[in-house]
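In what follows, a structure is listed as structure tokens, so that the remarks can point back to it.
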Amino acid sequence: MATNVMTLPRPMARGGLWSWITTVDHKRIGILYLVTAFFFFILGGIEAILIRTQLAVPDNSLIAPDLYNQFFTMHGTTMVFLAVMPLNTGFGNYIVPLMIGARDMAFPRLNALGYWLFLFAGLLLYASFFLGGAPNAGWFGYAPLTENAFNPGHGINFWILSLQLLGISSLVGALNFIVTILNLRAPGMTINRLPLFVWGTLVTSLLIIFAIPSITVALILLLFDRFFGTNFYLAQAQGDPLLWQHLFWFFGHPEVYIMIMPAFGIISELLATYARRPIFGYAAMAFAFAGISFVSFTVWAHHMFAVGMSPVADAAFAASSFLVAVPTGIKIFNWLGTLWRGSIRITTAFLFGAGFIGQFTIGGLGGVMLATVPVDWQVTDTYFVVGHLHYVLFAGAILALFGGTYHWFPKMTGRFLDERLGRIHFWLTMVGMILVFLTMHYVGVLGMPRRIFTYAGGQGWDLWNLIETIGAYLVALGVFVFLVNIVISLRTKPTATDDPWDGQTLEWATSSPPPVYNFATMIPVNSPRPLWDAKYGMHSENAANPKTVDLSGGGKANIHLPNPSFYPLVVAFGMAVFAVGVIYSIETSFLIVPVGVIIMLAGIIGWLSEPVG
Amino acid sequence: MHSLWVKLSRTALFLVSSVALAVLAGCSSTQTFLQPNSPSAQDTANLFYLLFVIAALIFILVEGLLVVFVLRYQRRAQNEHPEQIHGNTPLEITWTLIPALILAGVFALTIRTMASSSPKLAPTAEGMQINVIGHQWWWEIQYPDQKVVTASELHIPTGKVVNVKLTSDNVIHSFWVPQLMGKTDTVPGHTNASWLYTETPGLYHGQCAEFCGEQHAHMLFRVLAQPQAEFDAWIQSQQVAPTPVAAGSPQARGQEIFLTPAKGCIGCHTVEGTTAKGIVGPNLTHFASRDCFAGCMVEHTTENLSRWLHNPQAVKPGTLMKIPPLTDEEVNSLIAYLESLK
């Protein structure tokens, strides 16, 4: 093996902090994503509680207007980019390679890069609170409010650079998932035998590839306006604020599907497993994933019905928005079909999955109302939309993610989450969530606009706002119970077997947690449910006497693994320094920028030339 | 299982009765399109009710099936192995086609209601013209043909179409008076159009509906619909110059302070017939005739005026009205002057 004085040997530690910093193992990276994202979820939740407390009573002066605007901006940005998306990536990272019978992701170091970029981007964004103020123009950052003329200071700059880092993180992760899913499937697992969670991750990754470039461009143009005096969004010089809206929403609408598709996949896994049934209508479910993804790129201007587009444009975007409801409805009915005449075991994971069906339906129906243009002209930019978006994202994606946690926690840790605390968490969440977000639809119809730090009393909104705040506190209590559950359960004895839920997919065919190499051997794959077939037979021949399947090899196998590396962290760090350099470019005469570039290049050179190990 | 049934049905009952109560209680609010006073708002409200009924039926179907299935198909024995049903093509086609047909119907209704309720499709272009300009954080209203400029309060005659031209020279705002019309944004660099029409005299509340910065929450306005005669009288009162102040009066003292450049007033405000020709802030020529000020955030009372003039930032943090501190004597004199601007 040729030695090169420029490179360092691969880190070999198996335990301790250093092993986590240099890990390239998809399971560890998945856990890093999940834990970090959950931390940001708590921060976003605190922002939500502050917002709801300020709005609990009219004319409240608990939080000053500019600080309130920072809180709702950070709440939205955090929940979208630092909570839901990385939670999805975390589960995807842990579960997808296992579900397809692979040893790891196709590009393990690239996988690590995605995580470190996410962490640094989140820290950078939150640093803004302490460095002159967080961004305060909303998660959607409409120009020209984000321009220097109306928003001097660094808040918006932190927002721009942090989102760019997150965009790179998402792209890198998406590319990795696509290559992994297309190339590393176990023999026999053709595309039409992918488990639905893998389908969900695949379409999400494709959405990311095509959507993120749009916001990247939008942010670059804004950066140029703010730093180099261009006028892309400034009407005084023949720029156009609507250019931002089109670029943003061309990303922004697929973005909401990026957030929900993995959740759809999780729900399919939950319902099928706990009902002991195949998903009803697998082909339709797969086609629906593809159909929703494609149509999601044609609806973006339904966020812009009030900006003054032509009636023809309004009608066209209304049509496509109605269209996207059809494949979504198919999924709802197929999930019901999965439960019909099934054999349901009610666990906390199942309750979250079942709760999702009804609640997401409400979110979807609200969406149909918003697609109805004249109704939208009245209810857009009111709490009706806030209710709708939180229904699909919280009563949708977050419910699915909670359910996925209860479902896969034994696989990841070898321990079960406590079922009694789980029930309490579930009911607190359901009741609280309905109180907050269903009520918002009503108060929006009563005329309460969104993004307002206070409101005058006596307009018919007071009682409903108070109810919403109470609901928010119940949700927060539920999250606290969930956190307690995790902490307590991690201290119990590991009792989980390979397959505690009588699963159908390959992650349940190995130990809990899996050995670092995942599988020592593999079984034939003849359907989307390879483990189920191996246990019970392709036509339930062995229903009375199921076989046991354990592919873990007892923890020992002669399998070459990707070696740990710290260069992904170095590259991510260099990019973060670059970002800081851009934010402070004027104060530092651009001198920090090359420092970031050098660190990045050093990391890339090390990455390319480090020995295989 | 019994307790689960009890829990589920209690939750369902709670939900259904809360929603029913809320709806039945009559949607009382001062700013809702469900108390419409124009053909546009009425058509929109009708469409909304229809959608609500369809949505409620679909929800009851889905949730009902969910609850029934979860209760009825629970695992009875540890090794119970249900029939492995993979799908049912005729059923799947049906539940694809039926929603598609319902949505096609909703789309058709959408187009029809757009035609009658759209801000962009005024029934005539020959109505009375007003220009509305969004500022941070107040609404400017101009009557170009009558040469009247005011702020926060928009008067319209009943029974006549009023064409509204919407612009902004700063950030995006949104012009929305729910009882009369859906919202339309004011976008820098664009001229948008809306229209108002009502047969019912009265006061209608409006509010900016596009996040526009620190005091977006306090960018309100009022629409007063008046019978033609009253509207004409109002226009005339806005066209005459205010009564000149009597020398030596408190009003004169107030005017003197107001017109002192160092106090900052004339840099932003206009009072016809004086040296105050600023156009950054609201036109104050007939300030005393308006019921609200500061972006219609506060009622026009002496106490509110006093608080505002002493410290606008304390009343509306972030307001662009930045003036040097004033003594009590100066504030009282200014109030006397402003109250003379009828």
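Going by the structure tokens order, chains are called A, B, ..., each with residues numbered from 1, while ligands are numbered from 1 in the order shown.
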
For the structure I just gave you, how does DSSP split region 83-227 of chain B - specifically, which residues are helix (DSSP H, G or I)? Reply as a count of residues only.
32

Gly478 (chain A): which residues within 6 Å, counting only C-alpha atoms, same-chain residues fewer than 5 positions away excluded, as a ChimeraX atom specification?
/A:425,428-429

Quick one: write out the picked residues with N, CA and C atoms as a PDB file, in the first residue's frame?
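Saved as again-v5.pdb:
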```pdb
ATOM      1  N   HIS A 425     -48.885   9.953  25.759  1.00  0.00           N
ATOM      2  CA  HIS A 425     -48.334  10.833  24.721  1.00  0.00           C
ATOM      3  C   HIS A 425     -49.308  10.948  23.563  1.00  0.00           C
ATOM      4  N   LEU A 428     -52.620  12.944  24.567  1.00  0.00           N
ATOM      5  CA  LEU A 428     -52.317  14.366  24.758  1.00  0.00           C
ATOM      6  C   LEU A 428     -52.102  15.036  23.398  1.00  0.00           C
ATOM      7  N   THR A 429     -51.378  14.342  22.524  1.00  0.00           N
ATOM      8  CA  THR A 429     -51.090  14.905  21.211  1.00  0.00           C
ATOM      9  C   THR A 429     -52.368  15.066  20.400  1.00  0.00           C
TER      10      THR A 429
END
```

From region 37-269 of chain B, collect each residue whose DSSP state is strand (DSSP E) and return the set as JSON, numbers by chain.
{"B": [128, 129, 130, 131, 132, 133, 134, 135, 138, 139, 140, 141, 142, 143, 148, 149, 150, 151, 153, 154, 155, 156, 157, 162, 163, 164, 165, 166, 167, 168, 173, 174, 175, 176, 177, 181, 182, 183, 184, 185, 186, 192, 193, 194, 195, 196, 202, 203, 204, 205, 206, 207, 220, 221, 222, 223, 224, 225, 226]}

I need the residues from that last selection saved to file as a PDB file, in the first residue's frame (with C-alpha atoms), if you can.
```
ATOM      1  CA  MET B 128     -65.925  55.615  -9.368  1.00  0.00           C
ATOM      2  CA  GLN B 129     -62.153  55.366  -9.223  1.00  0.00           C
ATOM      3  CA  ILE B 130     -60.121  55.284  -6.037  1.00  0.00           C
ATOM      4  CA  ASN B 131     -56.421  54.601  -5.604  1.00  0.00           C
ATOM      5  CA  VAL B 132     -55.237  52.686  -2.563  1.00  0.00           C
ATOM      6  CA  ILE B 133     -51.563  52.732  -1.672  1.00  0.00           C
ATOM      7  CA  GLY B 134     -50.052  50.483   0.955  1.00  0.00           C
ATOM      8  CA  HIS B 135     -47.411  52.006   3.210  1.00  0.00           C
ATOM      9  CA  TRP B 138     -51.013  52.553   7.035  1.00  0.00           C
ATOM     10  CA  TRP B 139     -53.321  52.803   4.048  1.00  0.00           C
ATOM     11  CA  GLU B 140     -53.468  55.866   1.815  1.00  0.00           C
ATOM     12  CA  ILE B 141     -56.660  56.473  -0.119  1.00  0.00           C
ATOM     13  CA  GLN B 142     -56.923  58.871  -3.026  1.00  0.00           C
ATOM     14  CA  TYR B 143     -59.990  59.982  -4.966  1.00  0.00           C
ATOM     15  CA  VAL B 148     -59.367  64.062  -2.181  1.00  0.00           C
ATOM     16  CA  VAL B 149     -56.556  62.343  -0.276  1.00  0.00           C
ATOM     17  CA  THR B 150     -57.099  60.661   3.068  1.00  0.00           C
ATOM     18  CA  ALA B 151     -55.844  57.750   5.183  1.00  0.00           C
ATOM     19  CA  GLU B 153     -60.850  55.430   6.174  1.00  0.00           C
ATOM     20  CA  LEU B 154     -62.337  54.649   2.798  1.00  0.00           C
ATOM     21  CA  HIS B 155     -65.803  56.054   2.033  1.00  0.00           C
ATOM     22  CA  ILE B 156     -67.857  54.568  -0.799  1.00  0.00           C
ATOM     23  CA  PRO B 157     -71.385  55.216  -2.018  1.00  0.00           C
ATOM     24  CA  VAL B 162     -66.067  51.443  -7.019  1.00  0.00           C
ATOM     25  CA  ASN B 163     -62.927  50.519  -8.981  1.00  0.00           C
ATOM     26  CA  VAL B 164     -59.864  50.289  -6.753  1.00  0.00           C
ATOM     27  CA  LYS B 165     -56.326  50.667  -8.065  1.00  0.00           C
ATOM     28  CA  LEU B 166     -53.804  49.022  -5.738  1.00  0.00           C
ATOM     29  CA  THR B 167     -50.129  49.968  -5.524  1.00  0.00           C
ATOM     30  CA  SER B 168     -47.214  50.047  -3.108  1.00  0.00           C
ATOM     31  CA  HIS B 173     -49.197  44.541   1.433  1.00  0.00           C
ATOM     32  CA  SER B 174     -52.646  43.097   0.864  1.00  0.00           C
ATOM     33  CA  PHE B 175     -55.935  44.980   0.657  1.00  0.00           C
ATOM     34  CA  TRP B 176     -58.686  42.972   2.326  1.00  0.00           C
ATOM     35  CA  VAL B 177     -62.130  43.876   3.565  1.00  0.00           C
ATOM     36  CA  MET B 181     -64.258  41.423  -1.309  1.00  0.00           C
ATOM     37  CA  GLY B 182     -61.460  38.859  -1.301  1.00  0.00           C
ATOM     38  CA  LYS B 183     -57.943  40.111  -0.850  1.00  0.00           C
ATOM     39  CA  THR B 184     -55.575  41.491  -3.470  1.00  0.00           C
ATOM     40  CA  ASP B 185     -51.911  42.259  -2.841  1.00  0.00           C
ATOM     41  CA  THR B 186     -50.271  45.602  -3.442  1.00  0.00           C
ATOM     42  CA  ASN B 192     -53.435  45.573  -9.276  1.00  0.00           C
ATOM     43  CA  ALA B 193     -57.137  46.141  -9.537  1.00  0.00           C
ATOM     44  CA  SER B 194     -60.035  45.344  -7.286  1.00  0.00           C
ATOM     45  CA  TRP B 195     -63.561  46.629  -6.905  1.00  0.00           C
ATOM     46  CA  LEU B 196     -66.129  47.202  -4.181  1.00  0.00           C
ATOM     47  CA  GLY B 202     -72.431  50.457   7.219  1.00  0.00           C
ATOM     48  CA  LEU B 203     -68.952  50.134   8.602  1.00  0.00           C
ATOM     49  CA  TYR B 204     -66.760  47.323   7.251  1.00  0.00           C
ATOM     50  CA  HIS B 205     -63.411  46.433   8.743  1.00  0.00           C
ATOM     51  CA  GLY B 206     -60.321  45.741   6.689  1.00  0.00           C
ATOM     52  CA  GLN B 207     -56.805  44.686   7.504  1.00  0.00           C
ATOM     53  CA  LEU B 220     -55.969  48.317   9.588  1.00  0.00           C
ATOM     54  CA  PHE B 221     -58.557  50.318   7.723  1.00  0.00           C
ATOM     55  CA  ARG B 222     -62.279  50.968   7.636  1.00  0.00           C
ATOM     56  CA  VAL B 223     -64.713  51.136   4.777  1.00  0.00           C
ATOM     57  CA  LEU B 224     -67.752  53.326   5.304  1.00  0.00           C
ATOM     58  CA  ALA B 225     -70.501  52.680   2.803  1.00  0.00           C
ATOM     59  CA  GLN B 226     -72.914  55.573   2.672  1.00  0.00           C
TER      60      GLN B 226
END
```

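Picture a line from CA of Leu341 (chain B) to CA of Asn170 (chain B); it runs 28.3 Å.
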
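Proximity to Gln236 (chain B) was assessed for B:Leu334, B:Thr32, B:Thr44, B:His286 counting only C-alpha atoms; the smallest distance is recorded for B:His286.
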
Contacts of Gly537 (chain A) at 9 Å or less, counting only C-alpha atoms, minus same-chain residues fewer than 5 places along, as a ChimeraX atom specification?
/A:532,542-543,546-547

Could you write out the selected residues, including N, CA, C and O atoms, as a short mmCIF file (atom, residue, chain, number, x, y, z; two decimals), in the first residue's frame?
```
data_model
loop_
_atom_site.label_atom_id
_atom_site.label_comp_id
_atom_site.auth_asym_id
_atom_site.auth_seq_id
_atom_site.Cartn_x
_atom_site.Cartn_y
_atom_site.Cartn_z
N TRP A 532 -41.89 -11.59 5.49
CA TRP A 532 -43.20 -12.21 5.68
C TRP A 532 -43.28 -13.51 4.87
O TRP A 532 -43.72 -14.55 5.37
N ASN A 542 -47.32 -21.56 5.49
CA ASN A 542 -46.81 -21.85 6.84
C ASN A 542 -47.48 -20.99 7.91
O ASN A 542 -46.88 -20.72 8.94
N ALA A 543 -48.70 -20.55 7.63
CA ALA A 543 -49.37 -19.64 8.57
C ALA A 543 -49.42 -20.24 9.97
O ALA A 543 -49.23 -19.56 10.98
N PRO A 546 -45.03 -20.74 11.46
CA PRO A 546 -44.09 -19.82 10.79
C PRO A 546 -42.65 -20.17 11.10
O PRO A 546 -42.33 -20.66 12.18
N LYS A 547 -41.77 -19.88 10.14
CA LYS A 547 -40.35 -20.11 10.34
C LYS A 547 -39.72 -18.88 10.99
O LYS A 547 -40.24 -17.77 10.86
#
```

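Counting from CA of Arg341 (chain A), the distance to CA of Tyr274 (chain A) is 12.4 Å.
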
Could you list, as a count of residues only, every residue within 9 Å of Met448 (chain A), counting only C-alpha atoms and ignoring same-chain residues fewer than 2 positions away?
15

Counting only C-alpha atoms, what is within 12 Å of Leu34 (chain B), bar same-chain residues fewer than 3 positions away, as a ChimeraX atom specification?
/A:375,378-379,442-447 /B:23,26-31,37-38,40-49,178-182

Residue contacts of region 311-323 of chain B (12 Å, only C-alpha atoms) excluding same-chain residues fewer than 4 positions away, as a ChimeraX atom specification
/A:59,61,63-67,150,453-454 /B:135-138,213-219,258,260-269,280-282,293-298,303-307,327-328,331

Would you put the residues from that selection into a file with N, CA and C atoms, as a CSV table (one decimal), in the first residue's frame?
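Ended up saving to out-v1.csv:
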```csv
chain,number,residue,atom,x,y,z
A,59,ASP,N,-54.3,42.0,22.5
A,59,ASP,CA,-53.5,43.2,22.9
A,59,ASP,C,-52.4,42.8,23.9
A,61,SER,N,-48.8,42.2,25.5
A,61,SER,CA,-47.5,42.8,25.3
A,61,SER,C,-46.3,42.0,25.9
A,63,ILE,N,-44.5,39.8,24.2
A,63,ILE,CA,-43.4,39.8,23.3
A,63,ILE,C,-43.5,40.9,22.4
A,64,ALA,N,-42.4,41.7,22.2
A,64,ALA,CA,-42.4,42.9,21.3
A,64,ALA,C,-42.5,42.4,19.9
A,65,PRO,N,-43.1,43.3,19.0
A,65,PRO,CA,-43.4,42.9,17.7
A,65,PRO,C,-42.2,42.3,16.9
A,66,ASP,N,-41.0,43.0,16.9
A,66,ASP,CA,-39.9,42.5,16.1
A,66,ASP,C,-39.4,41.2,16.6
A,67,LEU,N,-39.4,41.0,17.9
A,67,LEU,CA,-39.0,39.7,18.5
A,67,LEU,C,-40.0,38.6,18.1
A,150,PHE,N,-35.3,47.5,3.7
A,150,PHE,CA,-36.3,47.2,4.7
A,150,PHE,C,-35.8,46.3,5.8
A,453,PHE,N,-48.6,39.9,15.5
A,453,PHE,CA,-48.1,39.6,16.9
A,453,PHE,C,-49.2,39.8,17.9
A,454,THR,N,-50.2,40.5,17.6
A,454,THR,CA,-51.4,40.7,18.5
A,454,THR,C,-52.6,41.0,17.7
B,135,HIS,N,-48.7,51.5,2.6
B,135,HIS,CA,-47.4,52.0,3.2
B,135,HIS,C,-47.1,51.2,4.5
B,136,GLN,N,-45.9,51.4,5.0
B,136,GLN,CA,-45.6,50.7,6.3
B,136,GLN,C,-46.0,51.7,7.4
B,137,TRP,N,-47.0,51.5,8.0
B,137,TRP,CA,-48.0,50.5,8.2
B,137,TRP,C,-49.3,51.3,8.3
B,138,TRP,N,-49.7,51.8,7.1
B,138,TRP,CA,-51.0,52.6,7.0
B,138,TRP,C,-51.5,52.6,5.6
B,213,GLY,N,-43.8,43.5,7.8
B,213,GLY,CA,-42.8,44.0,8.7
B,213,GLY,C,-43.3,44.2,10.1
B,214,GLU,N,-42.6,45.0,10.9
B,214,GLU,CA,-42.8,45.0,12.3
B,214,GLU,C,-44.3,45.2,12.8
B,215,GLN,N,-44.9,46.1,12.1
B,215,GLN,CA,-46.3,46.5,12.6
B,215,GLN,C,-47.4,46.0,11.6
B,216,HIS,N,-47.1,44.9,11.0
B,216,HIS,CA,-48.1,44.4,10.1
B,216,HIS,C,-49.4,44.2,10.8
B,217,ALA,N,-49.4,43.8,12.1
B,217,ALA,CA,-50.6,43.5,12.9
B,217,ALA,C,-51.5,44.8,13.0
B,218,HIS,N,-50.9,45.9,12.9
B,218,HIS,CA,-51.6,47.2,13.1
B,218,HIS,C,-51.7,48.0,11.9
B,219,MET,N,-52.0,47.4,10.7
B,219,MET,CA,-52.2,48.1,9.5
B,219,MET,C,-53.6,47.8,9.1
B,258,PHE,N,-46.6,72.7,14.6
B,258,PHE,CA,-46.7,71.7,13.5
B,258,PHE,C,-45.9,72.1,12.3
B,260,THR,N,-43.2,74.0,12.3
B,260,THR,CA,-41.8,74.2,12.6
B,260,THR,C,-41.0,73.0,12.0
B,261,PRO,N,-40.1,73.3,11.1
B,261,PRO,CA,-39.4,72.1,10.5
B,261,PRO,C,-38.7,71.2,11.5
B,262,ALA,N,-38.1,71.8,12.5
B,262,ALA,CA,-37.3,71.0,13.5
B,262,ALA,C,-38.2,70.0,14.2
B,263,LYS,N,-39.5,70.2,14.2
B,263,LYS,CA,-40.4,69.2,14.9
B,263,LYS,C,-40.6,68.0,14.1
B,264,GLY,N,-40.3,68.1,12.8
B,264,GLY,CA,-40.4,66.9,11.9
B,264,GLY,C,-41.8,66.7,11.2
B,265,CYS,N,-42.8,67.4,11.6
B,265,CYS,CA,-44.1,67.1,11.1
B,265,CYS,C,-44.2,67.3,9.6
B,266,ILE,N,-43.7,68.5,9.1
B,266,ILE,CA,-44.0,68.8,7.7
B,266,ILE,C,-43.1,68.0,6.8
B,267,GLY,N,-42.1,67.3,7.3
B,267,GLY,CA,-41.3,66.4,6.5
B,267,GLY,C,-42.1,65.3,6.0
B,268,CYS,N,-43.1,64.9,6.7
B,268,CYS,CA,-43.9,63.7,6.3
B,268,CYS,C,-45.3,63.9,6.0
B,269,HIS,N,-45.9,65.0,6.6
B,269,HIS,CA,-47.4,65.2,6.4
B,269,HIS,C,-47.8,66.3,5.6
B,280,VAL,N,-44.8,61.4,2.8
B,280,VAL,CA,-44.3,60.1,3.4
B,280,VAL,C,-45.4,59.5,4.3
B,281,GLY,N,-46.0,60.4,5.1
B,281,GLY,CA,-47.0,60.0,6.1
B,281,GLY,C,-48.4,60.4,5.6
B,282,PRO,N,-49.4,60.0,6.4
B,282,PRO,CA,-50.8,60.3,6.1
B,282,PRO,C,-51.1,61.8,5.9
B,293,PHE,N,-56.7,56.4,13.9
B,293,PHE,CA,-55.4,56.9,13.3
B,293,PHE,C,-54.3,55.9,13.7
B,294,ALA,N,-53.1,56.3,13.3
B,294,ALA,CA,-51.9,55.4,13.5
B,294,ALA,C,-52.1,54.1,12.8
B,295,GLY,N,-52.5,54.2,11.5
B,295,GLY,CA,-52.8,53.0,10.7
B,295,GLY,C,-54.1,52.3,11.2
B,296,CYS,N,-55.0,53.2,11.7
B,296,CYS,CA,-56.3,52.7,12.3
B,296,CYS,C,-56.1,51.8,13.5
B,297,MET,N,-54.9,51.9,14.1
B,297,MET,CA,-54.6,51.0,15.2
B,297,MET,C,-55.4,51.5,16.5
B,298,VAL,N,-55.5,52.8,16.6
B,298,VAL,CA,-56.2,53.4,17.8
B,298,VAL,C,-57.3,54.3,17.4
B,303,GLU,N,-57.0,61.2,24.5
B,303,GLU,CA,-56.0,60.5,25.3
B,303,GLU,C,-55.1,59.7,24.4
B,304,ASN,N,-55.6,59.1,23.3
B,304,ASN,CA,-54.8,58.3,22.4
B,304,ASN,C,-53.9,59.3,21.7
B,305,LEU,N,-54.4,60.4,21.3
B,305,LEU,CA,-53.6,61.4,20.5
B,305,LEU,C,-52.4,61.9,21.4
B,306,SER,N,-52.7,62.1,22.7
B,306,SER,CA,-51.7,62.5,23.6
B,306,SER,C,-50.6,61.5,23.7
B,307,ARG,N,-51.0,60.2,24.0
B,307,ARG,CA,-50.0,59.2,24.1
B,307,ARG,C,-49.1,59.1,22.8
B,327,THR,N,-43.1,68.7,24.8
B,327,THR,CA,-43.6,69.0,26.1
B,327,THR,C,-45.1,68.8,26.1
B,328,ASP,N,-45.6,68.8,27.3
B,328,ASP,CA,-47.1,68.7,27.5
B,328,ASP,C,-47.8,69.8,26.8
B,331,VAL,N,-47.8,69.2,23.1
B,331,VAL,CA,-48.7,68.2,22.7
B,331,VAL,C,-50.2,68.7,22.8
```

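If you look at CA of Thr89 (chain A) and CA of Gly45 (chain A), they are 19.8 Å away from each other.
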
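Nearest to Ile332 (chain A) of all the residues B:Pro90, B:Pro227, B:Pro39, B:Pro99 is B:Pro99, counting only C-alpha atoms.
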
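Distances from B:Glu199, B:Glu256, B:Glu329, B:Asp169 to Ala149 (chain A) were compared using only C-alpha atoms, and the smallest one belongs to B:Asp169.
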
Would you please work out which residue, of B:Pro119, B:Pro188, B:Ser152, B:Phe287, is nearest to chain A when using only C-alpha atoms?
B:Pro188
